[in-house]
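Visitor: Quick one: structure below, then a few questions.
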Amino acid sequence: VKKMNIKEKKKFSGSCHCGSIKFEIRSEFQELTTCDCSICVRKNALMVKVHEDDFSLLQGKQSLSLYQFNTNAAKHYFCSNCGIYPFHIKRSALDSYGINVFCLESVDLEGIPIRATDGIGMS
């Protein structure tokens with residue numbers, strides 16, 4: 001019987017540009033996603049999806065600004081000091097976060113597949 005090669009989840013630290021918001025995630029980085037919805041295109045988002053159990057906000061709750069639109073299901077968070085988008089709660093999976101991978105420290109993105117998601121087609 002062949003053993004399955006499952007990548008282990010590793011812990012990564014993240015922050016906004018000014019450092020007001022700090023968080024940690026656990027991920028195996030199976031894939032990265034882009035989205036063509038009106039906000040993701042404008043913020044040029046490249047994200048990794050993590051379940052809420054694999055996300056911890058360590059600092060900066062008071063610095064988070066919330067932006068919602070359309071159905072108001074997704075919650076897009078930005079730093080009220082530097083304006084950086086570190087993460088959002090996904091509309092398609094309310095128990096998961098879309099993490100801006102460019103806010104993470106020491107992540108090698110080479111070789112991770114990128115999947116384009118259809119956000120513009122969501123009603």
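Ordering of the structure tokens sets the chain letters (A, B, ...), residue numbers begin anew at 1 in every chain, and ligands are numbered from 1 in the order given.
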Residues of region 9-107 of chain A in alpha helix (DSSP H) according to DSSP, as JSON, numbers by chain?

Guide: {"A": [38, 39, 40, 41, 42, 43]}

Visitor: Store the residues picked out above in a file with all heavy atoms, as a PDB file, in the first residue's frame.

Guide:
```
ATOM      1  N   SER A  38     -14.803  42.746  -8.636  1.00  0.00           N
ATOM      2  CA  SER A  38     -14.439  44.162  -8.756  1.00  0.00           C
ATOM      3  C   SER A  38     -13.422  44.620  -7.707  1.00  0.00           C
ATOM      4  O   SER A  38     -12.564  45.452  -8.000  1.00  0.00           O
ATOM      5  CB  SER A  38     -15.692  45.030  -8.684  1.00  0.00           C
ATOM      6  OG  SER A  38     -16.384  44.823  -7.471  1.00  0.00           O
ATOM      7  N   ILE A  39     -13.454  44.090  -6.508  1.00  0.00           N
ATOM      8  CA  ILE A  39     -12.499  44.535  -5.488  1.00  0.00           C
ATOM      9  C   ILE A  39     -11.161  43.811  -5.608  1.00  0.00           C
ATOM     10  O   ILE A  39     -10.104  44.426  -5.493  1.00  0.00           O
ATOM     11  CB  ILE A  39     -13.078  44.427  -4.054  1.00  0.00           C
ATOM     12  CG1 ILE A  39     -12.164  45.167  -3.077  1.00  0.00           C
ATOM     13  CG2 ILE A  39     -13.295  42.987  -3.639  1.00  0.00           C
ATOM     14  CD1 ILE A  39     -12.739  45.342  -1.696  1.00  0.00           C
ATOM     15  N   CYS A  40     -11.186  42.509  -5.870  1.00  0.00           N
ATOM     16  CA  CYS A  40      -9.925  41.753  -5.965  1.00  0.00           C
ATOM     17  C   CYS A  40      -9.068  42.207  -7.144  1.00  0.00           C
ATOM     18  O   CYS A  40      -7.849  42.260  -7.046  1.00  0.00           O
ATOM     19  CB  CYS A  40     -10.200  40.259  -6.042  1.00  0.00           C
ATOM     20  SG  CYS A  40     -10.756  39.559  -4.467  1.00  0.00           S
ATOM     21  N   VAL A  41      -9.712  42.545  -8.260  1.00  0.00           N
ATOM     22  CA  VAL A  41      -8.971  43.049  -9.413  1.00  0.00           C
ATOM     23  C   VAL A  41      -8.278  44.354  -9.050  1.00  0.00           C
ATOM     24  O   VAL A  41      -7.112  44.564  -9.360  1.00  0.00           O
ATOM     25  CB  VAL A  41      -9.907  43.231 -10.630  1.00  0.00           C
ATOM     26  CG1 VAL A  41      -9.256  44.055 -11.719  1.00  0.00           C
ATOM     27  CG2 VAL A  41     -10.324  41.872 -11.173  1.00  0.00           C
ATOM     28  N   ARG A  42      -8.982  45.226  -8.358  1.00  0.00           N
ATOM     29  CA  ARG A  42      -8.415  46.523  -8.010  1.00  0.00           C
ATOM     30  C   ARG A  42      -7.291  46.422  -6.976  1.00  0.00           C
ATOM     31  O   ARG A  42      -6.364  47.217  -6.986  1.00  0.00           O
ATOM     32  CB  ARG A  42      -9.512  47.456  -7.508  1.00  0.00           C
ATOM     33  CG  ARG A  42     -10.357  47.995  -8.649  1.00  0.00           C
ATOM     34  CD  ARG A  42     -11.584  48.746  -8.131  1.00  0.00           C
ATOM     35  NE  ARG A  42     -12.349  49.364  -9.193  1.00  0.00           N
ATOM     36  CZ  ARG A  42     -13.218  48.725  -9.977  1.00  0.00           C
ATOM     37  NH1 ARG A  42     -13.403  47.416  -9.837  1.00  0.00           N
ATOM     38  NH2 ARG A  42     -13.884  49.371 -10.910  1.00  0.00           N
ATOM     39  N   LYS A  43      -7.383  45.450  -6.072  1.00  0.00           N
ATOM     40  CA  LYS A  43      -6.308  45.308  -5.082  1.00  0.00           C
ATOM     41  C   LYS A  43      -5.254  44.300  -5.522  1.00  0.00           C
ATOM     42  O   LYS A  43      -4.298  44.061  -4.800  1.00  0.00           O
ATOM     43  CB  LYS A  43      -6.867  44.982  -3.687  1.00  0.00           C
ATOM     44  CG  LYS A  43      -7.571  43.657  -3.563  1.00  0.00           C
ATOM     45  CD  LYS A  43      -8.190  43.509  -2.170  1.00  0.00           C
ATOM     46  CE  LYS A  43      -8.984  42.234  -2.080  1.00  0.00           C
ATOM     47  NZ  LYS A  43      -9.707  42.087  -0.855  1.00  0.00           N
TER      48      LYS A  43
END
```

Visitor: Which neighbours of Arg26 (chain A) fall inside 7 Å, counting only C-alpha atoms, when residues of the same chain fewer than 6 positions from it are skipped, and could you give them as a list in words?

Guide: Lys9, Lys10, Lys11, Phe12, Asp54 and Phe55 of chain A

Visitor: Would you please give, as a PyMOL selection string, all residues of chain A that DSSP assigns to strand (DSSP E) based on the backbone?

Guide: chain A and resi 10-15+22-27+32-35+47-51+55-59+64-67+75-79+87-89+96-100+114-117

Visitor: Show which residues sit within 6 Å of Asp36 (chain A), as a list in words. Count only C-alpha atoms, and ignore same-chain residues fewer than 2 positions away.

Guide: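 With the cut-off at 6 Å, the set is Val41, Asp118, Gly119 and Ile120 of chain A.
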
Visitor: Selected residues, all heavy atoms, written as an mmCIF file, in the first residue's frame, please.

Guide:
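This is the output file result-v8.cif:
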```cif
data_model
loop_
_atom_site.group_PDB
_atom_site.id
_atom_site.type_symbol
_atom_site.label_atom_id
_atom_site.label_comp_id
_atom_site.auth_asym_id
_atom_site.auth_seq_id
_atom_site.Cartn_x
_atom_site.Cartn_y
_atom_site.Cartn_z
ATOM 1 N N VAL A 41 -9.712 42.545 -8.260
ATOM 2 C CA VAL A 41 -8.971 43.049 -9.413
ATOM 3 C C VAL A 41 -8.278 44.354 -9.050
ATOM 4 O O VAL A 41 -7.112 44.564 -9.360
ATOM 5 C CB VAL A 41 -9.907 43.231 -10.630
ATOM 6 C CG1 VAL A 41 -9.256 44.055 -11.719
ATOM 7 C CG2 VAL A 41 -10.324 41.872 -11.173
ATOM 8 N N ASP A 118 -13.803 32.656 -10.284
ATOM 9 C CA ASP A 118 -14.805 33.496 -10.920
ATOM 10 C C ASP A 118 -15.598 34.251 -9.870
ATOM 11 O O ASP A 118 -16.578 33.763 -9.348
ATOM 12 C CB ASP A 118 -15.739 32.646 -11.770
ATOM 13 C CG ASP A 118 -16.864 33.448 -12.396
ATOM 14 O OD1 ASP A 118 -16.686 34.658 -12.626
ATOM 15 O OD2 ASP A 118 -17.934 32.852 -12.668
ATOM 16 N N GLY A 119 -15.138 35.444 -9.535
ATOM 17 C CA GLY A 119 -15.858 36.279 -8.581
ATOM 18 C C GLY A 119 -16.858 37.165 -9.273
ATOM 19 O O GLY A 119 -17.928 37.452 -8.748
ATOM 20 N N ILE A 120 -16.529 37.601 -10.488
ATOM 21 C CA ILE A 120 -17.412 38.505 -11.219
ATOM 22 C C ILE A 120 -18.728 37.822 -11.592
ATOM 23 O O ILE A 120 -19.762 38.456 -11.702
ATOM 24 C CB ILE A 120 -16.705 39.082 -12.462
ATOM 25 C CG1 ILE A 120 -17.338 40.399 -12.858
ATOM 26 C CG2 ILE A 120 -16.667 38.103 -13.602
ATOM 27 C CD1 ILE A 120 -16.516 41.203 -13.842
#
```

Visitor: For Ser56 (chain A), list every protein, DNA or RNA residue within 10 Å, evaluated using only C-alpha atoms, and leave out those in the same chain fewer than 3 positions away; present the list as a list in words.

Guide: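 Close residues of Ser56 (chain A): Ser13, Lys22, Phe23, Glu24, Ile25, Arg26, Glu52, Asp53 and Gln59 of chain A.
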